[in-house]
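Have a look at work-v2.txt below; it lists compact mmCIF, C-alpha atoms and all ligand atoms.
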# COMPACT_ATOMS: atom_id res chain seq x y z
CA MET A 256 0.00 0.00 0.00
CA LYS A 257 1.46 3.34 -1.05
CA THR A 258 -0.36 6.45 0.16
CA VAL A 259 -0.30 9.97 -1.22
CA LYS A 260 -1.94 13.07 0.23
CA ILE A 261 -3.13 15.72 -2.18
CA ASN A 262 -4.19 19.17 -1.10
CA ALA A 263 -6.17 20.68 -3.97
CA LEU A 264 -6.11 24.17 -2.47
CA GLU A 265 -2.71 25.49 -1.57
CA ASN A 266 -1.76 29.06 -0.66
CA ASN A 267 -5.28 30.07 -1.69
CA VAL A 268 -4.71 28.73 -5.21
CA ARG A 269 -7.25 26.14 -6.32
CA MET A 270 -6.05 23.31 -8.52
CA SER A 271 -8.26 22.84 -11.61
CA THR A 272 -10.24 19.62 -11.95
CA GLN A 273 -8.14 18.64 -14.95
CA SER A 274 -4.86 19.17 -13.08
CA LEU A 275 -6.08 17.16 -10.11
CA LEU A 276 -7.24 14.23 -12.26
CA GLN A 277 -3.95 14.27 -14.17
CA LEU A 278 -2.00 14.27 -10.91
CA ILE A 279 -4.01 11.27 -9.67
CA GLU A 280 -3.23 9.43 -12.94
CA GLU A 281 0.49 10.18 -12.55
CA LYS A 282 0.48 8.89 -8.98
CA ILE A 283 -1.30 5.69 -10.05
CA GLU A 284 1.42 5.20 -12.69
CA GLU A 285 4.01 5.60 -9.92
CA GLY A 286 2.34 2.78 -7.99
CA TYR A 287 0.27 4.71 -5.45
CA THR A 288 -2.96 2.98 -4.46
CA ASP A 289 -4.28 5.05 -1.56
CA PHE A 290 -5.29 8.67 -2.03
CA GLU A 291 -6.20 11.17 0.67
CA ILE A 292 -7.60 14.12 -1.20
CA ASN A 293 -8.50 17.39 0.43
CA ALA A 294 -10.51 18.73 -2.50
CA CYS A 295 -11.85 22.17 -3.26
CA GLY A 296 -14.92 21.35 -5.35
CA GLN A 297 -13.04 19.50 -8.11
CA HIS A 298 -15.24 17.12 -10.10
CA ASP A 299 -15.08 13.43 -11.08
CA ILE A 300 -12.70 12.37 -8.30
CA GLY A 301 -12.27 8.60 -8.10
CA GLY A 302 -14.04 7.95 -11.38
CA SER A 303 -12.56 6.04 -14.29
CA ALA A 304 -9.26 5.42 -12.53
CA TRP A 305 -7.52 2.09 -12.39
CA SER A 306 -4.11 0.67 -11.81
CA ARG A 307 -3.01 -0.31 -15.31
CA LYS A 308 0.21 -2.01 -14.19
CA ASP A 309 -1.01 -4.56 -11.68
CA GLY A 310 -4.77 -4.04 -11.30
CA LYS A 311 -4.44 -3.31 -7.57
CA GLU A 312 -7.43 -1.86 -5.75
CA LEU A 313 -7.53 1.93 -5.47
CA ASN A 314 -8.77 3.64 -2.32
CA PHE A 315 -9.84 7.27 -2.15
CA THR A 316 -10.62 9.23 0.99
CA ILE A 317 -12.03 12.58 -0.04
CA THR A 318 -13.21 15.75 1.65
CA ASN A 319 -15.08 18.64 0.02
CA PRO A 320 -15.43 17.21 -3.52
CA GLY A 321 -17.37 18.69 -6.45
CA GLN A 322 -19.88 16.90 -8.64
CA ARG A 323 -19.78 13.35 -10.00
CA VAL A 324 -17.66 11.74 -7.28
CA GLY A 325 -16.96 8.21 -8.50
CA ALA A 326 -18.61 8.77 -11.89
CA MET A 327 -18.02 5.69 -14.05
CA ALA A 328 -15.84 4.26 -11.26
CA ARG A 329 -14.76 0.68 -11.79
CA LYS A 330 -14.77 -2.49 -9.74
CA GLY A 331 -11.76 -2.42 -7.44
CA THR A 332 -12.24 1.26 -6.57
CA ASN A 333 -13.25 2.16 -3.01
CA ILE A 334 -14.30 5.73 -2.31
CA TYR A 335 -15.03 7.22 1.09
CA VAL A 336 -16.28 10.80 1.23
CA ASN A 337 -16.06 12.39 4.64
CA GLY A 338 -18.95 14.85 4.48
CA SER A 339 -21.71 15.70 2.05
CA VAL A 340 -21.42 15.75 -1.75
CA PRO A 341 -23.14 17.75 -4.51
CA ALA A 342 -24.94 16.25 -7.53
CA ASP A 343 -24.30 13.07 -9.48
CA VAL A 344 -22.33 10.99 -6.97
CA GLY A 345 -21.85 7.52 -8.45
CA TRP A 346 -23.14 8.53 -11.88
CA LEU A 347 -22.93 5.40 -14.05
CA ASN A 348 -21.12 3.59 -11.27
CA SER A 349 -19.56 0.58 -12.94
CA GLY A 350 -18.56 -1.49 -9.93
CA ALA A 351 -17.03 0.77 -7.26
CA LYS A 352 -17.97 0.86 -3.61
CA ILE A 353 -18.79 4.47 -2.75
CA ILE A 354 -19.55 5.57 0.80
CA VAL A 355 -20.82 9.08 1.54
CA ASN A 356 -20.70 10.05 5.18
CA GLY A 357 -23.27 12.83 4.77
CA ASP A 358 -26.02 13.94 2.38
CA CYS A 359 -25.99 13.82 -1.43
CA GLY A 360 -27.23 16.42 -3.90
CA ASP A 361 -29.56 15.61 -6.77
CA THR A 362 -29.26 12.59 -9.04
CA ALA A 363 -27.21 10.39 -6.70
CA ALA A 364 -26.65 6.95 -8.25
CA HIS A 365 -28.05 8.24 -11.54
CA CYS A 366 -27.60 5.54 -14.22
CA ALA A 367 -25.71 3.31 -11.74
CA ALA A 368 -24.95 0.03 -13.49
CA SER A 369 -23.03 -2.00 -10.89
CA GLY A 370 -21.24 -1.65 -7.53
CA LYS A 371 -22.55 -0.27 -4.25
CA ILE A 372 -23.36 3.26 -3.14
CA TYR A 373 -23.92 3.81 0.59
CA VAL A 374 -25.22 7.12 1.93
CA SER A 375 -25.49 7.95 5.63
CA GLY A 376 -27.87 10.90 5.08
CA ARG A 377 -30.47 12.05 2.53
CA VAL A 378 -30.29 12.16 -1.28
CA GLY A 379 -31.76 14.79 -3.61
CA THR A 380 -34.25 14.73 -6.45
CA ARG A 381 -34.03 12.25 -9.32
CA SER A 382 -31.74 9.99 -7.30
CA GLY A 383 -31.60 6.42 -8.59
CA ALA A 384 -33.08 7.54 -11.92
CA LEU A 385 -32.17 5.26 -14.82
CA MET A 386 -30.43 2.68 -12.63
CA LYS A 387 -29.89 -0.41 -14.72
CA PHE A 388 -28.72 -4.02 -14.58
CA ASP A 389 -26.67 -6.08 -17.01
CA PRO A 390 -26.59 -9.73 -15.86
CA LYS A 391 -22.93 -9.95 -16.93
CA PHE A 392 -22.04 -7.70 -13.97
CA GLU A 393 -22.93 -7.52 -10.29
CA ILE A 394 -26.30 -5.95 -9.66
CA PRO A 395 -26.04 -2.27 -8.60
CA GLN A 396 -27.11 -1.45 -5.06
CA PHE A 397 -27.99 1.97 -3.69
CA TRP A 398 -28.52 2.22 0.09
CA VAL A 399 -29.70 5.44 1.76
CA LEU A 400 -30.12 5.80 5.52
CA LYS A 401 -32.76 8.57 5.36
CA ASN A 402 -34.93 9.59 2.36
CA THR A 403 -34.87 10.67 -1.29
CA GLY A 404 -36.10 13.83 -3.00
CA SER A 405 -38.97 13.89 -5.49
CA PHE A 406 -38.86 12.32 -8.99
CA SER A 407 -36.46 9.65 -7.78
CA PHE A 408 -36.12 6.30 -9.59
CA GLU A 409 -37.55 7.74 -12.82
CA PHE A 410 -37.16 5.22 -15.64
CA MET A 411 -35.34 2.80 -13.35
CA GLY A 412 -34.58 -0.30 -15.40
CA GLY A 413 -32.77 -2.52 -12.90
CA GLY A 414 -30.81 -2.76 -9.67
CA ILE A 415 -31.78 -2.58 -6.02
CA ALA A 416 -32.38 0.54 -3.95
CA VAL A 417 -32.90 0.53 -0.19
CA ILE A 418 -34.30 3.67 1.43
CA CYS A 419 -34.24 3.17 5.19
CA GLY A 420 -36.44 6.12 6.23
CA TYR A 421 -34.43 6.79 9.38
CA ASP A 422 -34.89 10.20 11.05
CA CYS A 423 -37.82 11.01 8.75
CA ALA A 424 -40.52 11.79 11.30
CA GLY A 425 -43.02 14.24 9.84
CA LEU A 426 -42.27 13.44 6.19
CA LYS A 427 -45.35 12.50 4.14
CA SER A 428 -43.25 10.33 1.87
CA VAL A 429 -39.73 8.97 2.19
CA LEU A 430 -39.58 9.00 -1.63
CA GLY A 431 -40.73 12.60 -2.06
CA ASN A 432 -43.40 13.18 -4.69
CA ARG A 433 -43.87 11.64 -8.15
CA SER A 434 -41.12 9.07 -7.82
CA CYS A 435 -40.87 5.89 -9.94
CA VAL A 436 -42.34 7.49 -13.09
CA GLY A 437 -41.58 5.22 -16.03
CA MET A 438 -39.95 2.56 -13.83
CA VAL A 439 -39.71 -0.68 -15.82
CA GLY A 440 -37.30 -2.82 -13.78
CA GLY A 441 -35.46 -3.25 -10.49
CA THR A 442 -36.64 -3.24 -6.89
CA ILE A 443 -36.95 -0.48 -4.31
CA TYR A 444 -37.21 -1.35 -0.63
CA CYS A 445 -38.32 1.52 1.54
CA ARG A 446 -39.28 2.02 5.14
CA GLY A 447 -41.89 4.57 6.18
CA PRO A 448 -44.71 6.44 4.43
CA ILE A 449 -44.85 6.73 0.62
CA LYS A 450 -47.18 9.01 -1.29
CA GLY A 451 -47.65 10.22 -4.83
CA ILE A 452 -45.62 7.52 -6.58
CA ALA A 453 -46.33 6.65 -10.21
CA SER A 454 -49.17 4.32 -11.17
CA CYS A 455 -46.83 2.08 -13.19
CA VAL A 456 -45.50 0.42 -10.01
CA LYS A 457 -46.97 -1.79 -7.32
CA VAL A 458 -46.32 -1.68 -3.58
CA GLU A 459 -46.19 -4.97 -1.70
CA LYS A 460 -45.22 -6.38 1.68
CA LEU A 461 -41.84 -8.05 2.03
CA ASN A 462 -41.59 -11.79 1.52
CA LYS A 463 -39.07 -14.18 3.07
CA GLU A 464 -36.42 -13.57 0.38
CA ASP A 465 -36.77 -9.79 0.70
CA LYS A 466 -36.24 -9.96 4.46
CA ALA A 467 -33.23 -12.23 4.04
CA PHE A 468 -31.68 -9.82 1.51
CA LEU A 469 -32.22 -6.80 3.78
CA THR A 470 -30.95 -8.61 6.85
CA SER A 471 -27.67 -9.60 5.23
CA GLY A 472 -27.18 -6.34 3.29
CA MET A 473 -28.02 -4.10 6.25
CA LYS A 474 -25.05 -5.44 8.20
CA GLU A 475 -22.51 -4.31 5.62
CA PHE A 476 -24.34 -1.02 5.00
CA LEU A 477 -24.51 0.01 8.66
CA SER A 478 -20.97 -1.07 9.31
CA SER A 479 -19.76 0.97 6.29
CA ILE A 480 -21.46 4.15 7.52
CA ASP A 481 -20.51 3.45 11.14
CA LYS A 482 -24.10 3.09 12.38
CA LYS A 483 -24.19 -0.53 13.53
CA GLY A 484 -26.35 0.46 16.49
CA LEU A 485 -29.37 1.08 14.19
CA ALA A 486 -29.69 -2.56 13.13
CA ASP A 487 -32.54 -3.46 15.48
CA THR A 488 -34.58 -0.39 14.52
CA LEU A 489 -34.11 -0.83 10.78
CA LEU A 490 -34.64 -4.58 10.75
CA ASP A 491 -38.10 -4.28 12.27
CA PHE A 492 -39.89 -5.02 9.00
CA SER A 493 -43.32 -3.72 10.03
CA GLU A 494 -42.88 -0.44 8.13
CA TRP A 495 -41.07 -1.71 5.05
CA HIS A 496 -42.51 -1.93 1.53
CA LYS A 497 -41.27 -3.37 -1.73
CA ILE A 498 -41.85 -1.42 -4.94
CA THR A 499 -41.56 -3.07 -8.34
CA PRO A 500 -42.91 -2.17 -11.78
CA ILE A 501 -46.24 -3.61 -12.86
CA ALA A 502 -45.45 -6.26 -15.48
CA PRO A 503 -47.01 -5.87 -18.96
CA ASP A 504 -49.32 -8.86 -18.44
CA GLU A 505 -50.59 -7.36 -15.15
CA LYS A 506 -51.55 -4.11 -16.84
CA GLN A 507 -55.07 -3.28 -17.96
CA LYS A 508 -56.14 -4.84 -21.25
CA ARG A 509 -55.26 -2.77 -24.28
CA ILE A 510 -58.09 -0.82 -25.78
CA SER A 511 -58.69 -0.45 -29.50
CA VAL A 512 -57.24 2.50 -31.38
CA LYS A 513 -60.77 3.70 -32.16
CA GLU A 514 -61.73 3.53 -28.49
CA PHE A 515 -58.53 5.36 -27.59
CA ARG A 516 -59.30 8.10 -30.09
CA GLU A 517 -62.84 8.43 -28.83
CA THR A 518 -62.35 8.19 -25.08
CA GLN A 519 -58.74 8.85 -24.08
CA TRP A 520 -56.87 10.98 -26.58
CA VAL A 521 -58.69 14.30 -26.27
CA GLU A 522 -62.22 14.43 -24.99
CA GLY A 523 -64.46 14.39 -28.05
CA GLY A 524 -61.47 13.78 -30.35
CA ILE A 525 -58.90 16.24 -31.59
CA PHE A 526 -60.48 19.70 -31.98
CA GLY A 527 -63.52 18.09 -30.29
CA ASP A 528 -64.17 21.30 -28.38
CA PHE A 529 -65.22 23.12 -31.55
CA ILE A 530 -65.70 20.48 -34.28
CA GLN A 531 -68.41 17.84 -33.99
CA ASP A 532 -66.78 14.76 -35.53
CA ASP A 533 -67.92 11.13 -35.37
CA LEU A 534 -64.24 10.13 -35.63
CA ASN A 535 -64.82 8.07 -38.76
CA VAL A 536 -62.47 8.63 -41.66
CA PHE A 537 -65.08 7.84 -44.36
CA ASP A 538 -65.21 10.34 -47.18
CA LEU A 539 -61.80 11.66 -46.25
CA VAL A 540 -59.75 8.57 -47.11
CA THR A 541 -60.76 6.04 -49.76
CA THR A 542 -62.37 2.74 -48.78
CA GLY A 543 -63.80 -0.14 -50.86
CA VAL A 544 -62.60 -0.38 -54.47
CA GLY A 545 -60.83 2.95 -54.24
CA ARG A 546 -58.14 1.64 -51.89
CA LEU A 547 -54.55 1.34 -53.08
CA GLN A 548 -54.18 -1.99 -51.26
CA THR A 549 -56.42 -4.56 -49.61
CA PRO A 550 -55.60 -6.70 -46.55
CA CYS A 551 -55.79 -10.51 -46.95
CA TRP A 552 -55.94 -12.79 -43.91
CA GLU A 553 -54.41 -16.30 -43.66
CA LYS A 554 -56.12 -18.44 -41.00
CA ASN A 555 -53.31 -21.01 -40.69
CA LEU A 556 -50.86 -18.38 -39.52
CA CYS A 557 -53.13 -16.60 -37.07
CA ILE A 558 -52.62 -17.13 -33.31
CA ASN A 559 -55.70 -15.12 -32.31
CA CYS A 560 -53.75 -12.45 -30.41
CA GLU A 561 -56.21 -9.70 -31.48
CA LEU A 562 -53.44 -7.17 -32.14
CA CYS A 563 -54.82 -6.41 -35.61
CA LEU A 564 -58.31 -5.99 -34.23
CA LYS A 565 -57.14 -3.56 -31.57
CA ASN A 566 -54.87 -1.51 -33.79
CA CYS A 567 -57.04 -1.05 -36.86
CA PRO A 568 -57.69 2.72 -36.83
CA ASN A 569 -61.15 2.37 -38.32
CA ASN A 570 -62.55 -0.67 -36.52
CA ALA A 571 -62.68 -2.50 -39.86
CA ILE A 572 -61.57 -5.86 -38.44
CA THR A 573 -63.95 -8.28 -36.73
CA LYS A 574 -63.69 -11.91 -35.68
CA ASP A 575 -66.45 -14.51 -35.55
CA GLU A 576 -67.13 -17.21 -32.96
CA ASN A 577 -64.66 -19.54 -34.73
CA ASN A 578 -61.86 -16.96 -34.53
CA ASN A 579 -62.04 -16.17 -38.23
CA TYR A 580 -60.90 -12.60 -38.85
CA SER A 581 -62.17 -10.42 -41.65
CA SER A 582 -61.88 -6.84 -42.76
CA ASP A 583 -64.94 -4.81 -43.77
CA ASP A 584 -64.29 -3.35 -47.24
CA ASN A 585 -66.57 -0.43 -46.49
CA LYS A 586 -64.52 0.58 -43.47
CA CYS A 587 -60.99 -0.54 -44.42
CA ILE A 588 -58.83 2.29 -45.75
CA GLY A 589 -55.94 0.03 -46.80
CA CYS A 590 -53.55 1.60 -44.29
CA SER A 591 -51.66 -1.73 -43.75
CA ILE A 592 -51.40 -1.32 -39.97
CA CYS A 593 -52.87 -4.81 -39.49
CA SER A 594 -50.08 -6.37 -41.56
CA VAL A 595 -47.43 -4.43 -39.67
CA VAL A 596 -48.62 -5.27 -36.15
CA CYS A 597 -49.42 -8.94 -36.84
CA PRO A 598 -46.60 -10.98 -35.24
CA LYS A 599 -47.27 -13.95 -37.57
CA LYS A 600 -47.66 -12.13 -40.88
CA ALA A 601 -51.22 -13.46 -41.12
CA TRP A 602 -52.31 -10.23 -42.82
CA THR A 603 -50.66 -9.33 -46.12
CA MET A 604 -51.50 -6.38 -48.31
CA LYS A 605 -52.59 -7.00 -51.91
CA ASN A 606 -51.61 -4.17 -54.23
CA ASN A 607 -54.61 -2.91 -56.23
CA ASN A 608 -52.34 -1.40 -58.91
CA LYS A 609 -53.78 2.06 -58.60
CA GLU A 610 -51.78 5.13 -59.29
CA ILE A 611 -51.71 7.89 -56.75
CA SER A 612 -52.86 11.07 -58.41
S1 LIG A 701 -55.59 -2.10 -43.75
FE1 LIG A 701 -55.95 -3.31 -41.90
S2 LIG A 701 -55.61 -1.89 -40.23
FE2 LIG A 701 -55.85 -0.63 -42.05
S3 LIG A 701 -58.02 -0.13 -42.11
FE3 LIG A 701 -57.78 -1.99 -43.31
S4 LIG A 701 -58.15 -3.64 -41.89
FE4 LIG A 701 -57.79 -1.82 -40.67
S1 LIG A 702 -52.55 -9.82 -35.35
FE1 LIG A 702 -52.21 -11.55 -36.71
S2 LIG A 702 -52.04 -13.31 -35.35
FE2 LIG A 702 -52.95 -11.66 -34.16
S3 LIG A 702 -55.16 -11.98 -34.39
FE3 LIG A 702 -54.56 -10.56 -35.99
S4 LIG A 702 -54.15 -11.87 -37.76
FE4 LIG A 702 -54.18 -13.20 -35.99

Can the structure in the file be given as structure tokens, please?
Amino acid sequence: MKTVKINALENNVRMSTQSLLQLIEEKIEEGYTDFEINACGQHDIGGSAWSRKDGKELNFTITNPGQRVGAMARKGTNIYVNGSVPADVGWLNSGAKIIVNGDCGDTAAHCAASGKIYVSGRVGTRSGALMKFDPKFEIPQFWVLKNTGSFSFEFMGGGIAVICGYDCAGLKSVLGNRSCVGMVGGTIYCRGPIKGIASCVKVEKLNKEDKAFLTSGMKEFLSSIDKKGLADTLLDFSEWHKITPIAPDEKQKRISVKEFRETQWVEGGIFGDFIQDDLNVFDLVTTGVGRLQTPCWEKNLCINCELCLKNCPNNAITKDENNNYSSDDNKCIGCSICSVVCPKKAWTMKNNNKEIS
């Protein structure tokens, strides 16, 4: 172990971020593995650094850093920040262990893809947004002792977040407001009240596996932030919830395009507030013999998924009691959507050899 101390503010002269990062690179080349950095708001400390010679682990102890501490940091990097950090700590973390002994600004753990981020305080808005998981790497974990700001975990695609809700008395929601919008993957465990989260997720009680995960993970988390004494409080599972995205097959049945246009798009249809329209496209687009192309259905290929029926913009497709599909020539406008959405190519479009004038 070879240690170097770097003071990024000397004689009232602040080292630039670029100079500091270059100095760290030089020291790594010289074989240093342990860095004690007294920063002055320099960005990206601890990120994208690795020992090219022998692949030894790198350890950073940092005070007073700027944004993106540990951004894109790799496996084998250990970062300890003594104090709070501004935005983007652990951005796109790629395997590092990052401990923040304080609060984090906005977008902590944003895009984190692997590794562990431990926070002993609160984290700001949009934290955990876009976290992801590639099964080729260790699953990213993001542990927070207190709470998150609003809009957190937006578009989360994978990974595990644990929000412990400690010291949050009086908060209406330990996830702020409007969190989890667009969440499609991953798991959030949180303790305490939650309000105003997106409708695309479900909130459940913990099962046996969830409790086992939290019990084992909590030990390392609390030990890393030097709060072992909170174990009994935080491992009382009575106030914990698990949040996961609602799977596609659990969602409400799809409605037809026509129904969507009539009931959901704009009340009364587009311009419905001043144009009375029955939402049919007759007389505006050619049907019947005037169509450029006509859909043809092949029964042997059809798996009865109803996608064509639901996506036809003019409700031209029907099916009978024997699951035979047909298209009404007087409604069909030859748009070919049925042939595009059909997963089995059961609809094909016959060209009517008409010229567009
Ligand atoms: S081509 Fe297919 S989707 Fe388009 S109107 Fe005709 S039946 Fe409906
Ligand atoms: S989309 Fe294709 S497979 Fe599905 S019901 Fe229609 S024709 Fe059949």

Around ligand LIG 701 (chain A), at most 6 Å away and counting all atoms listed in the file, which residues are there? Put them as number ranges by chain, please.
A: 550, 567-569, 571-572, 582, 587-593

Expected residue set, 6 Å radius at (-36.2, 1.8, -3.5), all atoms listed in the file, as a short mmCIF file (atom, residue, chain, number, x, y, z; two decimals) with C-alpha atoms, in the frame of the given file:
data_model
loop_
_atom_site.label_atom_id
_atom_site.label_comp_id
_atom_site.auth_asym_id
_atom_site.auth_seq_id
_atom_site.Cartn_x
_atom_site.Cartn_y
_atom_site.Cartn_z
CA ALA A 416 -32.38 0.54 -3.95
CA VAL A 417 -32.90 0.53 -0.19
CA ILE A 418 -34.30 3.67 1.43
CA ILE A 443 -36.95 -0.48 -4.31
CA TYR A 444 -37.21 -1.35 -0.63
CA CYS A 445 -38.32 1.52 1.54
#

Please check which protein, DNA or RNA residues sit within 8 Å of ligand LIG 702 (chain A), counting all atoms listed in the file, and write them as a count of residues only.
22

Figure out the distance between atom CA of A:Arg323 and atom CA of A:Glu285, please, to one decimal in Å.
25.0 Å

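If you measure from each of A:Ala326, A:Pro320, A:Arg377, A:Glu464 to A:Cys423 using only C-alpha atoms, the closest one turns out to be A:Arg377.
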
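Between atom CA of A:Ala467 and atom CA of A:Asp491 the separation is 12.4 Å.
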
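Candidate residues A:Trp346, A:Phe410, A:Trp520, A:Tyr421 were compared for distance to A:Ser375, and the nearest is A:Tyr421, using only C-alpha atoms.
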